[in-house]
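The block underneath contains the structure these notes are about, expressed in structure tokens.
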Amino acid sequence: MDGTTETRTREMTGARMVVQALRDQGVDTVFGYPGGAVLPIYDELFQQADIRHILVRHEQGAVHAAEGYARSSGKVGVALVTSGPGATNAVTGLTDALMDSIPLVVLTGQVPTFMIGSDAFQEADTVGITRPCTKANWLVKETDRLARTLHEAFHVARSGRPGPVLVDIPKDVQFATAAYESPEEHRPRYNPRRHPDPAAVEALVDLMERAERPVLYTGGGVINAGPEASRLLRELADATGFPVTSTLMGLGAYPASGPNWLGMLGMHGLYEANMAMHGCDLLIAVGARFDDRITGRIDAFSPRSRKAHIDIDPSSINKVVRVDVPIVADCAEALRAILGAWTARGRRTNREGLARWQAQIAEWRAVDCLRYRPSATTIKPQYALQRLEALTKDHDRYICTEVGQHQMWAAQFMGFEAPNRWMTSGGLGTMGYGFPASIGVQLAHPDALVINVAGEASWLMNMQEMGTAVQYRLPVKQFILNNERLGMVRQWQQLLHGERYSQSWSEALPDFVKLAEAFGAKGIRCEDPADLDDAIREMIAHPGPVIFDCLVEKHENCFPMIPSGKPHNEMLLGEASTEGAIQAGGAVLV
């Protein structure tokens, strides 16, 4: 029976409702792992051909893969897992998606309604467990409420500030029959505000006209608002000449080659970005939430600036940093209104002040804060990423990362010209995120070059997903910067804990080439800088999945770095950049 006939007859089982609702919501891919409490849904999936199911090797991998799919495609990601441990294994991915505002719908099986509360086999209070790590969740106890709940779940996940939602479906609800409610019949209850207050827009434009040292501070909210928001951001920055910096999550909203680009700011941000944030007189936050990795010490954060904050989530405004102009709105709608008001008032800026500000920024940029001492015998991690950038930038390329030093080096040395090309775990900092996320990205973009920049420790956390990559013939490239250390932990122990290296490396790592071959994939090892370019080209050319074991300098530190409790103008820099920073007038900790 096809989907059209099913919808017309309207009577169907709960399991069939799930599949029909996914179809009606435009879902083409589901990541999951079967178990007893979701077998009726899996039986329905087996009997249709519209939705492909990707069998992962762990439920955490299912949710991270759905994240990668969602972030790179702009669609809602979907995961399907069973009750009990299936649901609890999904918690890390749900929390990761909540912190980074990624739209997901996670469907979990549950024991039959008459057994809930009896400590039945594989029973867990999934709704209770996931309430703090989802945007919304539901336990559906009546089949006639299932379809409308599923449609509401998709609406909530993608609307306003995006996020993960969960629908817990008892097994007897999946077997029972009821009338199916189509999306057209559904009346959403959640309707967040999208358009800005015109008075607030006028107040901001007034500040923009007078500012001498403005900065646009952009975040992942710009990307989540869709390609139009990124286009409007570029138009505003290029028309005003205001410099643009970004959080880790916002990379690509403004092009790295753009004339006003300062680079990433924050704990491992660029010197010029952090100094500009510290010295600006107007800070315009667009879709950013003032995360502690960005602000550093709150009472010393951007101390002389007037502040405006654009965010669709009203709870984010004044939550961390008090602002002068709050604007609750969708980023695209707010940027459109600001451009319109500024244009109507004559597109005025403080040209003299901006010229002085741009000259100051040029001095800070001349410090060359990413400078490092190259080696002819050992691959420096910075060099590895410089060469990866040079050899892949002209491809249709998507970059994922794990979490740690390699993540920060990737953000520093790889340039992103467009949104949705950079997938990394920001707020939660989830080791093990990047590999399954890269699988999701590759499925969303089958002809693209998808690379996961990893550290060996992070990569091992979800290494079992190599089986998924091989089974579905996904040519994902795992570019592992192998320093045989928990690099960021070791760096903090060196700099902040008296060089007491407590449990910051493993003495039992696998041979990654043999590991790749054991899975049926290709393995490449490189340890000589002279061989690196050819090895990267070999990785790119291989038509299947690759594990690239890049042996790098074991004790290289990631700079710049703002130590905990310090303001933006007090950064640790590498030896090669410190002298230039002092000459430029910045306070540098050594």
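Convention: chains lettered A, B, ... in structure tokens order; per-chain residue numbering from 1; ligands numbered from 1 as shown.
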
**Prompt:** Just asking: which residues within region 340-440 of chain A are strand (DSSP E or B) according to DSSP, as a PyMOL selection string?
**Reply:** chain A and resi 379+397-401+422-423

With all heavy atoms retained, could you export that selection as a PDB file, in the first residue's frame?
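This is the output file selection-v4.pdb:
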ATOM      1  N   ILE A 379      56.525  16.451  11.616  1.00  0.00           N
ATOM      2  CA  ILE A 379      55.337  17.169  11.143  1.00  0.00           C
ATOM      3  C   ILE A 379      54.743  17.968  12.301  1.00  0.00           C
ATOM      4  O   ILE A 379      54.325  17.401  13.307  1.00  0.00           O
ATOM      5  CB  ILE A 379      54.279  16.197  10.586  1.00  0.00           C
ATOM      6  CG1 ILE A 379      54.839  15.422   9.391  1.00  0.00           C
ATOM      7  CG2 ILE A 379      53.012  16.955  10.189  1.00  0.00           C
ATOM      8  CD1 ILE A 379      53.898  14.350   8.863  1.00  0.00           C
ATOM      9  N   ARG A 397      34.063  20.711  -0.278  1.00  0.00           N
ATOM     10  CA  ARG A 397      34.645  20.169   0.945  1.00  0.00           C
ATOM     11  C   ARG A 397      33.808  20.488   2.188  1.00  0.00           C
ATOM     12  O   ARG A 397      33.311  21.594   2.359  1.00  0.00           O
ATOM     13  CB  ARG A 397      36.058  20.754   1.125  1.00  0.00           C
ATOM     14  CG  ARG A 397      36.817  20.250   2.315  1.00  0.00           C
ATOM     15  CD  ARG A 397      38.062  21.093   2.545  1.00  0.00           C
ATOM     16  NE  ARG A 397      37.728  22.412   3.082  1.00  0.00           N
ATOM     17  CZ  ARG A 397      38.620  23.366   3.366  1.00  0.00           C
ATOM     18  NH1 ARG A 397      39.896  23.155   3.095  1.00  0.00           N
ATOM     19  NH2 ARG A 397      38.241  24.516   3.869  1.00  0.00           N
ATOM     20  N   TYR A 398      33.691  19.490   3.055  1.00  0.00           N
ATOM     21  CA  TYR A 398      33.076  19.658   4.366  1.00  0.00           C
ATOM     22  C   TYR A 398      34.066  19.149   5.413  1.00  0.00           C
ATOM     23  O   TYR A 398      34.670  18.088   5.225  1.00  0.00           O
ATOM     24  CB  TYR A 398      31.765  18.874   4.469  1.00  0.00           C
ATOM     25  CG  TYR A 398      30.677  19.394   3.563  1.00  0.00           C
ATOM     26  CD1 TYR A 398      30.657  19.052   2.204  1.00  0.00           C
ATOM     27  CD2 TYR A 398      29.680  20.224   4.046  1.00  0.00           C
ATOM     28  CE1 TYR A 398      29.666  19.536   1.361  1.00  0.00           C
ATOM     29  CE2 TYR A 398      28.679  20.711   3.210  1.00  0.00           C
ATOM     30  CZ  TYR A 398      28.683  20.364   1.875  1.00  0.00           C
ATOM     31  OH  TYR A 398      27.707  20.846   1.049  1.00  0.00           O
ATOM     32  N   ILE A 399      34.199  19.903   6.500  1.00  0.00           N
ATOM     33  CA  ILE A 399      35.151  19.553   7.546  1.00  0.00           C
ATOM     34  C   ILE A 399      34.411  19.297   8.855  1.00  0.00           C
ATOM     35  O   ILE A 399      33.609  20.123   9.295  1.00  0.00           O
ATOM     36  CB  ILE A 399      36.192  20.664   7.762  1.00  0.00           C
ATOM     37  CG1 ILE A 399      36.998  20.915   6.485  1.00  0.00           C
ATOM     38  CG2 ILE A 399      37.114  20.329   8.937  1.00  0.00           C
ATOM     39  CD1 ILE A 399      37.890  19.772   6.063  1.00  0.00           C
ATOM     40  N   CYS A 400      34.674  18.148   9.452  1.00  0.00           N
ATOM     41  CA  CYS A 400      34.232  17.855  10.813  1.00  0.00           C
ATOM     42  C   CYS A 400      35.467  17.789  11.703  1.00  0.00           C
ATOM     43  O   CYS A 400      36.594  17.678  11.211  1.00  0.00           O
ATOM     44  CB  CYS A 400      33.508  16.509  10.880  1.00  0.00           C
ATOM     45  SG  CYS A 400      32.029  16.411   9.860  1.00  0.00           S
ATOM     46  N   THR A 401      35.267  17.868  13.012  1.00  0.00           N
ATOM     47  CA  THR A 401      36.378  17.655  13.935  1.00  0.00           C
ATOM     48  C   THR A 401      35.908  16.884  15.153  1.00  0.00           C
ATOM     49  O   THR A 401      34.713  16.836  15.465  1.00  0.00           O
ATOM     50  CB  THR A 401      37.028  18.959  14.443  1.00  0.00           C
ATOM     51  OG1 THR A 401      36.219  19.534  15.480  1.00  0.00           O
ATOM     52  CG2 THR A 401      37.251  19.962  13.332  1.00  0.00           C
ATOM     53  N   TRP A 422      31.271  23.426   8.167  1.00  0.00           N
ATOM     54  CA  TRP A 422      32.131  23.213   9.341  1.00  0.00           C
ATOM     55  C   TRP A 422      31.275  22.609  10.444  1.00  0.00           C
ATOM     56  O   TRP A 422      30.342  23.236  10.935  1.00  0.00           O
ATOM     57  CB  TRP A 422      32.735  24.544   9.749  1.00  0.00           C
ATOM     58  CG  TRP A 422      33.340  24.660  11.123  1.00  0.00           C
ATOM     59  CD1 TRP A 422      32.833  25.360  12.177  1.00  0.00           C
ATOM     60  CD2 TRP A 422      34.591  24.126  11.578  1.00  0.00           C
ATOM     61  NE1 TRP A 422      33.671  25.287  13.262  1.00  0.00           N
ATOM     62  CE2 TRP A 422      34.767  24.535  12.922  1.00  0.00           C
ATOM     63  CE3 TRP A 422      35.581  23.339  10.979  1.00  0.00           C
ATOM     64  CZ2 TRP A 422      35.887  24.182  13.679  1.00  0.00           C
ATOM     65  CZ3 TRP A 422      36.692  22.993  11.738  1.00  0.00           C
ATOM     66  CH2 TRP A 422      36.849  23.412  13.062  1.00  0.00           C
ATOM     67  N   MET A 423      31.561  21.377  10.822  1.00  0.00           N
ATOM     68  CA  MET A 423      30.798  20.675  11.837  1.00  0.00           C
ATOM     69  C   MET A 423      31.716  20.289  12.987  1.00  0.00           C
ATOM     70  O   MET A 423      32.656  19.509  12.804  1.00  0.00           O
ATOM     71  CB  MET A 423      30.164  19.410  11.246  1.00  0.00           C
ATOM     72  CG  MET A 423      28.839  19.598  10.561  1.00  0.00           C
ATOM     73  SD  MET A 423      28.781  20.776   9.188  1.00  0.00           S
ATOM     74  CE  MET A 423      29.842  19.971   7.988  1.00  0.00           C
TER      75      MET A 423
END

**Request:** Rounded to one decimal place, report the CA of Phe548 (chain A)-CA of Arg57 (chain A) distance in Å.
**Result:** 21.1 Å

**Request:** Go through A:Gln464, A:Gln25, A:Ser73, A:Gln503 one by one, measure the shortest atom-to-atom distance of each to Leu515 (chain A) using only C-alpha atoms, and give the residue with the smallest value.
**Result:**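 Closest candidate: A:Gln464.
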
**Request:** One decimal, Å: what's the distance from CA of Leu22 (chain A) over to CA of Thr430 (chain A), could you say?
**Result:**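 We find that CA of Leu22 (chain A) and CA of Thr430 (chain A) lie 28.0 Å from each other.
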
Closest-contact table, region 377-492 of chain A side, partner region 288-304 of chain A, 12 Å, counting only C-alpha atoms, as CSV:
residue,atom,partner,partner_atom,distance
A:Met408,CA,A:Arg293,CA,11.9
A:Gly426,CA,A:Arg293,CA,9.5
A:Gly427,CA,A:Asp291,CA,7.9
A:Leu428,CA,A:Asp291,CA,11.1
A:Gly429,CA,A:Arg293,CA,11.0

Selection export as an mmCIF file, in the first residue's frame, atoms kept: C-alpha atoms:
data_model
loop_
_atom_site.group_PDB
_atom_site.id
_atom_site.type_symbol
_atom_site.label_atom_id
_atom_site.label_comp_id
_atom_site.auth_asym_id
_atom_site.auth_seq_id
_atom_site.Cartn_x
_atom_site.Cartn_y
_atom_site.Cartn_z
ATOM 1 C CA MET A 408 41.372 24.566 17.543
ATOM 2 C CA GLY A 426 31.192 23.590 20.521
ATOM 3 C CA GLY A 427 29.211 23.950 23.721
ATOM 4 C CA LEU A 428 29.529 20.416 25.076
ATOM 5 C CA GLY A 429 32.988 19.669 23.659
#

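Ranking A:Ala15, A:Val244, A:Val56, A:Met539 by their shortest atom-to-atom distance to Ala469 (chain A), with only C-alpha atoms included, puts A:Val56 first.
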
**Fill in**
CA of Gly14 (chain A) to CA of Leu80 (chain A) measures 14.7 Å

**Message:** Env of Lys135 (chain A): 8 Å cut, atoms = only C-alpha atoms, seq-sep filter 2 positions within chain, self excluded. Answer as a VMD selection string.
**Reply:** chain A and resid 98 131 133 137 156 to 157 163 to 165

I'd like a table as CSV: residues in region 50-146 of chain A with an atom no more than 12 Å from region 472-488 of chain A, each row giving the shortest atom pair and its distance in Å to one decimal, only C-alpha atoms counted, sorted by chain and rising residue number.
residue,atom,partner,partner_atom,distance
A:Arg52,CA,A:Tyr472,CA,11.2
A:His53,CA,A:Tyr472,CA,10.6
A:Ile54,CA,A:Tyr472,CA,8.0
A:Leu55,CA,A:Tyr472,CA,9.1
A:Val56,CA,A:Tyr472,CA,10.2

Dump as a JSON list (two decimals), in the first residue's frame, selection limited to N, CA, C and O atoms:
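The resulting file, again_11.json, is shown below:
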[["chain", "number", "residue", "atom", "x", "y", "z"],
["A", 52, "ARG", "N", 15.63, 5.78, 3.78],
["A", 52, "ARG", "CA", 16.73, 4.85, 4.00],
["A", 52, "ARG", "C", 17.11, 4.86, 5.47],
["A", 52, "ARG", "O", 17.12, 5.91, 6.13],
["A", 53, "HIS", "N", 17.43, 3.71, 5.98],
["A", 53, "HIS", "CA", 17.87, 3.59, 7.36],
["A", 53, "HIS", "C", 19.36, 3.26, 7.37],
["A", 53, "HIS", "O", 19.82, 2.37, 6.64],
["A", 54, "ILE", "N", 20.12, 3.99, 8.19],
["A", 54, "ILE", "CA", 21.57, 3.77, 8.30],
["A", 54, "ILE", "C", 21.82, 3.09, 9.65],
["A", 54, "ILE", "O", 21.57, 3.68, 10.71],
["A", 55, "LEU", "N", 22.30, 1.86, 9.59],
["A", 55, "LEU", "CA", 22.59, 1.09, 10.79],
["A", 55, "LEU", "C", 23.94, 1.50, 11.35],
["A", 55, "LEU", "O", 24.99, 1.18, 10.78],
["A", 56, "VAL", "N", 23.93, 2.24, 12.46],
["A", 56, "VAL", "CA", 25.17, 2.64, 13.12],
["A", 56, "VAL", "C", 25.62, 1.51, 14.04],
["A", 56, "VAL", "O", 24.98, 0.47, 14.14]]

With only C-alpha atoms as the counted atoms, please give the residues lying no more than 6 Å from region 331-345 of chain A, apart from itself and same-chain residues fewer than 6 positions off, as a CSV table (one decimal) with N, CA, C and O atoms, in the first residue's frame.
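Output below, filename part04.csv:
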chain,number,residue,atom,x,y,z
A,195,HIS,N,10.3,38.6,14.1
A,195,HIS,CA,10.6,39.9,13.6
A,195,HIS,C,11.0,40.9,14.7
A,195,HIS,O,10.4,40.9,15.8
A,196,PRO,N,12.0,41.8,14.5
A,196,PRO,CA,12.5,42.6,15.5
A,196,PRO,C,11.6,43.8,15.9
A,196,PRO,O,10.8,44.2,15.0
A,201,VAL,N,15.7,48.4,16.6
A,201,VAL,CA,16.6,48.4,15.3
A,201,VAL,C,17.0,49.9,15.1
A,201,VAL,O,18.2,50.1,14.8
A,205,VAL,N,20.9,51.2,14.9
A,205,VAL,CA,21.4,52.0,13.8
A,205,VAL,C,22.0,53.3,14.2
A,205,VAL,O,23.1,53.8,13.7
A,222,VAL,N,23.6,32.6,13.2
A,222,VAL,CA,23.5,33.1,11.9
A,222,VAL,C,23.4,31.9,10.9
A,222,VAL,O,22.6,32.0,10.0
A,229,ALA,N,20.5,34.5,6.1
A,229,ALA,CA,21.1,35.3,7.2
A,229,ALA,C,22.6,35.5,6.9
A,229,ALA,O,23.1,36.6,7.1

**Prompt:** What lies within 10 Å of region 349-356 of chain A using only C-alpha atoms, ignoring chain neighbours under 3 positions off, as a list of chain:residue names?
**Reply:**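 These residues fall inside the cut-off: A:Val205, A:Asp206, A:Leu207, A:Met208, A:Glu209, A:Arg210, A:Ala211, A:Glu212, A:Arg213, A:Pro214, A:Ala239, A:Thr240, A:Gly241, A:Phe242, A:Pro243, A:Trp342, A:Gly346, A:Ala359, A:Gln360, A:Ile361, A:Ala362.
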
Keeping only all heavy atoms, write the selected residues as a short mmCIF file (atom, residue, chain, number, x, y, z; two decimals), in the first residue's frame.
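again12.cif written:
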data_model
loop_
_atom_site.label_atom_id
_atom_site.label_comp_id
_atom_site.auth_asym_id
_atom_site.auth_seq_id
_atom_site.Cartn_x
_atom_site.Cartn_y
_atom_site.Cartn_z
N VAL A 205 20.93 51.23 14.93
CA VAL A 205 21.43 51.98 13.78
C VAL A 205 22.03 53.31 14.23
O VAL A 205 23.06 53.76 13.70
CB VAL A 205 20.32 52.19 12.74
CG1 VAL A 205 20.76 53.15 11.64
CG2 VAL A 205 19.92 50.85 12.12
N ASP A 206 21.42 53.94 15.21
CA ASP A 206 21.97 55.18 15.75
C ASP A 206 23.38 54.96 16.31
O ASP A 206 24.29 55.77 16.07
CB ASP A 206 21.04 55.72 16.83
CG ASP A 206 21.49 57.08 17.35
OD1 ASP A 206 21.51 58.04 16.56
OD2 ASP A 206 21.82 57.18 18.55
N LEU A 207 23.58 53.85 17.03
CA LEU A 207 24.91 53.53 17.56
C LEU A 207 25.87 53.22 16.42
O LEU A 207 27.06 53.60 16.47
CB LEU A 207 24.82 52.34 18.51
CG LEU A 207 24.07 52.56 19.82
CD1 LEU A 207 23.96 51.24 20.59
CD2 LEU A 207 24.76 53.61 20.68
N MET A 208 25.40 52.55 15.39
CA MET A 208 26.26 52.21 14.25
C MET A 208 26.76 53.45 13.54
O MET A 208 27.92 53.49 13.09
CB MET A 208 25.49 51.32 13.26
CG MET A 208 25.21 49.91 13.74
SD MET A 208 23.99 49.03 12.70
CE MET A 208 24.75 49.15 11.09
N GLU A 209 25.94 54.47 13.43
CA GLU A 209 26.34 55.68 12.72
C GLU A 209 27.44 56.43 13.46
O GLU A 209 28.26 57.12 12.84
CB GLU A 209 25.12 56.58 12.55
CG GLU A 209 24.09 56.04 11.56
CD GLU A 209 22.82 56.89 11.52
OE1 GLU A 209 22.59 57.68 12.46
OE2 GLU A 209 22.06 56.75 10.55
N ARG A 210 27.47 56.29 14.79
CA ARG A 210 28.42 57.07 15.58
C ARG A 210 29.66 56.28 16.01
O ARG A 210 30.64 56.87 16.47
CB ARG A 210 27.72 57.62 16.83
CG ARG A 210 26.63 58.64 16.48
CD ARG A 210 25.99 59.25 17.72
NE ARG A 210 25.02 58.36 18.33
CZ ARG A 210 25.16 57.81 19.53
NH1 ARG A 210 26.24 58.03 20.24
NH2 ARG A 210 24.22 57.02 20.02
N ALA A 211 29.63 54.96 15.87
CA ALA A 211 30.71 54.12 16.39
C ALA A 211 32.04 54.40 15.70
O ALA A 211 32.10 54.55 14.48
CB ALA A 211 30.35 52.66 16.24
N GLU A 212 33.11 54.45 16.49
CA GLU A 212 34.46 54.60 15.96
C GLU A 212 35.18 53.26 15.88
O GLU A 212 36.06 53.07 15.04
CB GLU A 212 35.27 55.55 16.83
CG GLU A 212 34.73 56.97 16.85
CD GLU A 212 35.62 57.91 17.64
OE1 GLU A 212 36.76 57.51 18.00
OE2 GLU A 212 35.21 59.05 17.89
N ARG A 213 34.80 52.32 16.76
CA ARG A 213 35.51 51.04 16.83
C ARG A 213 34.48 49.90 16.93
O ARG A 213 34.41 49.21 17.95
CB ARG A 213 36.46 51.02 18.03
CG ARG A 213 37.49 52.13 18.03
CD ARG A 213 38.46 52.03 19.19
NE ARG A 213 37.78 51.97 20.48
CZ ARG A 213 37.28 53.00 21.14
NH1 ARG A 213 37.39 54.22 20.61
NH2 ARG A 213 36.68 52.85 22.31
N PRO A 214 33.69 49.69 15.89
CA PRO A 214 32.65 48.66 15.95
C PRO A 214 33.20 47.26 15.65
O PRO A 214 34.21 47.10 14.97
CB PRO A 214 31.67 49.10 14.87
CG PRO A 214 32.56 49.77 13.85
CD PRO A 214 33.66 50.45 14.64
N ALA A 239 29.07 46.55 3.41
CA ALA A 239 28.55 47.90 3.18
C ALA A 239 29.03 48.89 4.24
O ALA A 239 29.33 50.04 3.93
CB ALA A 239 27.02 47.88 3.14
N THR A 240 29.12 48.43 5.47
CA THR A 240 29.53 49.33 6.56
C THR A 240 31.04 49.39 6.74
O THR A 240 31.57 50.38 7.26
CB THR A 240 28.92 48.88 7.89
OG1 THR A 240 29.34 47.53 8.18
CG2 THR A 240 27.40 48.94 7.85
N GLY A 241 31.75 48.33 6.35
CA GLY A 241 33.17 48.24 6.64
C GLY A 241 33.46 47.78 8.05
O GLY A 241 34.61 47.81 8.49
N PHE A 242 32.43 47.31 8.78
CA PHE A 242 32.65 46.86 10.16
C PHE A 242 33.39 45.52 10.15
O PHE A 242 33.04 44.61 9.40
CB PHE A 242 31.31 46.67 10.87
CG PHE A 242 30.58 47.95 11.21
CD1 PHE A 242 31.07 49.19 10.80
CD2 PHE A 242 29.41 47.91 11.94
CE1 PHE A 242 30.40 50.36 11.11
CE2 PHE A 242 28.73 49.07 12.26
CZ PHE A 242 29.22 50.31 11.84
N PRO A 243 34.42 45.37 10.98
CA PRO A 243 35.12 44.08 11.08
C PRO A 243 34.22 43.01 11.67
O PRO A 243 33.33 43.29 12.48
CB PRO A 243 36.31 44.39 11.98
CG PRO A 243 35.93 45.60 12.74
CD PRO A 243 35.01 46.39 11.87
N TRP A 342 19.21 51.33 8.17
CA TRP A 342 20.47 52.05 7.95
C TRP A 342 20.48 52.69 6.56
O TRP A 342 20.93 53.83 6.38
CB TRP A 342 21.63 51.06 8.12
CG TRP A 342 22.98 51.65 7.93
CD1 TRP A 342 23.59 52.58 8.71
CD2 TRP A 342 23.91 51.32 6.88
NE1 TRP A 342 24.84 52.86 8.20
CE2 TRP A 342 25.06 52.11 7.09
CE3 TRP A 342 23.87 50.44 5.80
CZ2 TRP A 342 26.17 52.03 6.25
CZ3 TRP A 342 24.98 50.36 4.98
CH2 TRP A 342 26.10 51.16 5.20
N GLY A 346 20.45 56.94 5.18
CA GLY A 346 21.56 57.49 4.40
C GLY A 346 22.84 56.69 4.43
O GLY A 346 23.87 57.13 3.92
N ALA A 359 43.23 50.71 10.82
CA ALA A 359 44.69 50.79 10.89
C ALA A 359 45.21 50.08 12.14
O ALA A 359 46.24 49.39 12.09
CB ALA A 359 45.12 52.26 10.89
N GLN A 360 44.49 50.24 13.26
CA GLN A 360 44.89 49.56 14.48
C GLN A 360 44.79 48.04 14.31
O GLN A 360 45.67 47.28 14.73
CB GLN A 360 44.01 50.01 15.64
CG GLN A 360 44.21 49.26 16.95
CD GLN A 360 45.61 49.42 17.51
OE1 GLN A 360 45.91 50.44 18.13
NE2 GLN A 360 46.47 48.43 17.31
N ILE A 361 43.70 47.58 13.68
CA ILE A 361 43.53 46.15 13.46
C ILE A 361 44.64 45.61 12.56
O ILE A 361 45.15 44.49 12.78
CB ILE A 361 42.13 45.88 12.85
CG1 ILE A 361 41.05 46.10 13.92
CG2 ILE A 361 42.04 44.47 12.29
CD1 ILE A 361 39.64 46.11 13.38
N ALA A 362 45.05 46.38 11.58
CA ALA A 362 46.14 45.95 10.71
C ALA A 362 47.43 45.76 11.50
O ALA A 362 48.20 44.82 11.23
CB ALA A 362 46.34 46.97 9.59
#

**Request:** Find the spatial neighbours of Ala66 (chain A), counting only C-alpha atoms, within a cut-off of 9 Å - ignore same-chain residues fewer than 6 positions away - and output them as an NGL selection string.
**Result:** :A and (29-31 or 76-79 or 104-105 or 436-437 or 439-441)

Output of the above residues as a PDB file, in the first residue's frame, restricted to N, CA and C atoms:
ATOM      1  N   THR A  29      16.369  10.129   5.439  1.00  0.00           N
ATOM      2  CA  THR A  29      17.418   9.334   6.080  1.00  0.00           C
ATOM      3  C   THR A  29      17.171   9.269   7.583  1.00  0.00           C
ATOM      4  N   VAL A  30      17.269   8.073   8.137  1.00  0.00           N
ATOM      5  CA  VAL A  30      17.145   7.860   9.582  1.00  0.00           C
ATOM      6  C   VAL A  30      18.364   7.073  10.039  1.00  0.00           C
ATOM      7  N   PHE A  31      18.979   7.516  11.121  1.00  0.00           N
ATOM      8  CA  PHE A  31      20.124   6.813  11.711  1.00  0.00           C
ATOM      9  C   PHE A  31      19.630   6.060  12.942  1.00  0.00           C
ATOM     10  N   VAL A  76      16.148  18.707   9.354  1.00  0.00           N
ATOM     11  CA  VAL A  76      16.078  18.111  10.685  1.00  0.00           C
ATOM     12  C   VAL A  76      16.688  16.715  10.622  1.00  0.00           C
ATOM     13  N   GLY A  77      17.617  16.416  11.523  1.00  0.00           N
ATOM     14  CA  GLY A  77      18.194  15.076  11.606  1.00  0.00           C
ATOM     15  C   GLY A  77      17.301  14.164  12.419  1.00  0.00           C
ATOM     16  N   VAL A  78      17.283  12.877  12.080  1.00  0.00           N
ATOM     17  CA  VAL A  78      16.401  11.917  12.748  1.00  0.00           C
ATOM     18  C   VAL A  78      17.197  10.695  13.178  1.00  0.00           C
ATOM     19  N   ALA A  79      16.968  10.274  14.429  1.00  0.00           N
ATOM     20  CA  ALA A  79      17.571   9.053  14.949  1.00  0.00           C
ATOM     21  C   ALA A  79      16.478   8.196  15.577  1.00  0.00           C
ATOM     22  N   LEU A 104      17.061  18.200  15.803  1.00  0.00           N
ATOM     23  CA  LEU A 104      16.980  16.743  15.738  1.00  0.00           C
ATOM     24  C   LEU A 104      15.631  16.274  16.248  1.00  0.00           C
ATOM     25  N   VAL A 105      15.153  15.184  15.692  1.00  0.00           N
ATOM     26  CA  VAL A 105      14.036  14.431  16.268  1.00  0.00           C
ATOM     27  C   VAL A 105      14.565  13.034  16.567  1.00  0.00           C
ATOM     28  N   PRO A 436      31.261  10.005  13.670  1.00  0.00           N
ATOM     29  CA  PRO A 436      29.880   9.770  13.227  1.00  0.00           C
ATOM     30  C   PRO A 436      29.256  10.980  12.540  1.00  0.00           C
ATOM     31  N   ALA A 437      29.624  12.195  12.965  1.00  0.00           N
ATOM     32  CA  ALA A 437      29.103  13.384  12.278  1.00  0.00           C
ATOM     33  C   ALA A 437      29.534  13.392  10.816  1.00  0.00           C
ATOM     34  N   ILE A 439      30.013  10.885   8.941  1.00  0.00           N
ATOM     35  CA  ILE A 439      29.176   9.907   8.238  1.00  0.00           C
ATOM     36  C   ILE A 439      27.853  10.550   7.835  1.00  0.00           C
ATOM     37  N   GLY A 440      27.259  11.303   8.769  1.00  0.00           N
ATOM     38  CA  GLY A 440      26.022  12.004   8.448  1.00  0.00           C
ATOM     39  C   GLY A 440      26.204  13.024   7.347  1.00  0.00           C
ATOM     40  N   VAL A 441      27.323  13.748   7.379  1.00  0.00           N
ATOM     41  CA  VAL A 441      27.597  14.747   6.339  1.00  0.00           C
ATOM     42  C   VAL A 441      27.762  14.070   4.980  1.00  0.00           C
TER      43      VAL A 441
END

**Residue neighbourhood Ile41 (chain A), 8 Å, only C-alpha atoms, exclusion window fewer than 3 positions, as a list of chain:residue names** = A:Ala15, A:Arg16, A:Val18, A:Val19, A:Val38, A:Glu44, A:Leu45, A:Gln174

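The nearest approach to Ala87 (chain A) among the residues A:Leu496, A:Ala62, A:Val552, A:Ala237, with only C-alpha atoms taken into account, belongs to A:Ala62.
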
**Request:** Looking only at alpha helix (DSSP H) from DSSP on the backbone, list the matching residues of region 151-316 of chain A as number ranges by chain.
**Result:** A: 151-158, 171-175, 198-210, 220-224, 227-240, 271-279, 292-295
